[in-house]
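Asker: Just passing along the structure, written as structure tokens.
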Amino acid sequence: MVQLVHNELTSFSAVLQIGDSKEITSRAKVLAVQRQQELFFGNEGEGNFPLFTNPIPRLAMDTTSWQMNKLNESPAISVRTIRVLAISFSSVVHIGSTSTIDTEARVKHTRQLAANSGAKPALIAPQSSIRIIKDESSCLQ
């Protein structure tokens, strides 16, 4: 029983669910390129980045030693109000019960800066007169 859910934005493989589920799986693979100069070479994003293909190590858990006791005095979940500004990139907001939630977000950020900030943008791939420096960082969640 939910009276009010106020959510401004749900995007990029995020899940907002009210009610029970057996399994929730959410995946997001994002390539973000930021440039000082507006250039597009036509074949960008075609590369196969290891970040998107390498397996993510999973923690091995021994669940045989776990003991769980639960007492559901009321079979209903009662929520008055939930306010969420935004959920994004494989996040989950779930009111209810589930067996498994499996989410994964892989984000590759690339920042390309011109060596000479006064240089005019080229209309073709950069030549030696305009050197592009890559400052790359990756986020793996």
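Please note that chains go A, B, ... in the order of the structure tokens, that every chain numbers its residues from 1, and that ligands are numbered from 1 in the order shown.
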Neighbours of segment 21-23 of chain A within 9 Å (only C-alpha atoms; same-chain residues fewer than 2 positions away dropped), as an MDAnalysis selection string?
Answerer: chainID A and resid 17 19 25 96:102
Asker: Export, as a PDB file, in the first residue's frame, the selected residues with N, CA and C atoms.
Answerer:
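Output below, filename selection32.pdb:
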ATOM      1  N   GLN A  17       9.895   0.338  -8.979  1.00  0.00           N
ATOM      2  CA  GLN A  17       8.874  -0.706  -8.953  1.00  0.00           C
ATOM      3  C   GLN A  17       8.127  -0.695  -7.636  1.00  0.00           C
ATOM      4  N   GLY A  19       5.531  -3.165  -5.817  1.00  0.00           N
ATOM      5  CA  GLY A  19       4.974  -4.507  -5.893  1.00  0.00           C
ATOM      6  C   GLY A  19       6.084  -5.536  -5.830  1.00  0.00           C
ATOM      7  N   THR A  25      16.845  -7.276 -12.923  1.00  0.00           N
ATOM      8  CA  THR A  25      18.160  -7.198 -13.554  1.00  0.00           C
ATOM      9  C   THR A  25      18.214  -5.917 -14.356  1.00  0.00           C
ATOM     10  N   GLY A  96       8.472  -3.432  -2.039  1.00  0.00           N
ATOM     11  CA  GLY A  96       7.951  -4.777  -2.182  1.00  0.00           C
ATOM     12  C   GLY A  96       9.044  -5.770  -1.850  1.00  0.00           C
ATOM     13  N   SER A  97       8.788  -7.018  -2.146  1.00  0.00           N
ATOM     14  CA  SER A  97       9.796  -8.041  -1.872  1.00  0.00           C
ATOM     15  C   SER A  97      10.311  -8.601  -3.187  1.00  0.00           C
ATOM     16  N   THR A  98      11.537  -9.082  -3.139  1.00  0.00           N
ATOM     17  CA  THR A  98      12.147  -9.702  -4.313  1.00  0.00           C
ATOM     18  C   THR A  98      13.126 -10.766  -3.853  1.00  0.00           C
ATOM     19  N   SER A  99      13.437 -11.652  -4.734  1.00  0.00           N
ATOM     20  CA  SER A  99      14.413 -12.685  -4.423  1.00  0.00           C
ATOM     21  C   SER A  99      15.815 -12.221  -4.787  1.00  0.00           C
ATOM     22  N   THR A 100      15.964 -11.628  -5.985  1.00  0.00           N
ATOM     23  CA  THR A 100      17.292 -11.260  -6.478  1.00  0.00           C
ATOM     24  C   THR A 100      17.252  -9.902  -7.168  1.00  0.00           C
ATOM     25  N   ILE A 101      18.217  -9.069  -6.843  1.00  0.00           N
ATOM     26  CA  ILE A 101      18.440  -7.823  -7.580  1.00  0.00           C
ATOM     27  C   ILE A 101      19.874  -7.866  -8.086  1.00  0.00           C
ATOM     28  N   ASP A 102      20.046  -7.770  -9.401  1.00  0.00           N
ATOM     29  CA  ASP A 102      21.370  -7.838 -10.019  1.00  0.00           C
ATOM     30  C   ASP A 102      21.515  -6.628 -10.935  1.00  0.00           C
TER      31      ASP A 102
END
Asker: Just want the 8 Å neighbourhood of Leu31 of chain A, counted on only C-alpha atoms, with same-chain residues fewer than 6 positions away dropped. Output as a list of chain:residue names.
Answerer: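 Residues near the query, excluding close chain neighbours: A:Gly45, A:Val107, A:Lys108, A:His109, A:Thr110.
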Asker: Quick one: everything within 8 Å of Ile82 of chain A, counting only C-alpha atoms, minus sequence neighbours fewer than 6 positions away in the same chain. Send it as a list in words.
Answerer: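 Near Ile82 of chain A, the qualifying residues are Leu4, Val5 and His6 of chain A.
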Asker: Report, in Å with one decimal, the straight-line distance from atom CA of Asn7 of chain A to atom CA of Val93 of chain A.
Answerer: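 That distance, rounded to one decimal, is 10.1 Å.
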Asker: With distances taken over only C-alpha atoms, which of A:Asn69, A:Ser78, A:Ser91, A:Gln112 is nearest to Arg27 of chain A?
Answerer: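 Among A:Asn69, A:Ser78, A:Ser91, A:Gln112, it is A:Ser91 that comes nearest to Arg27 of chain A.
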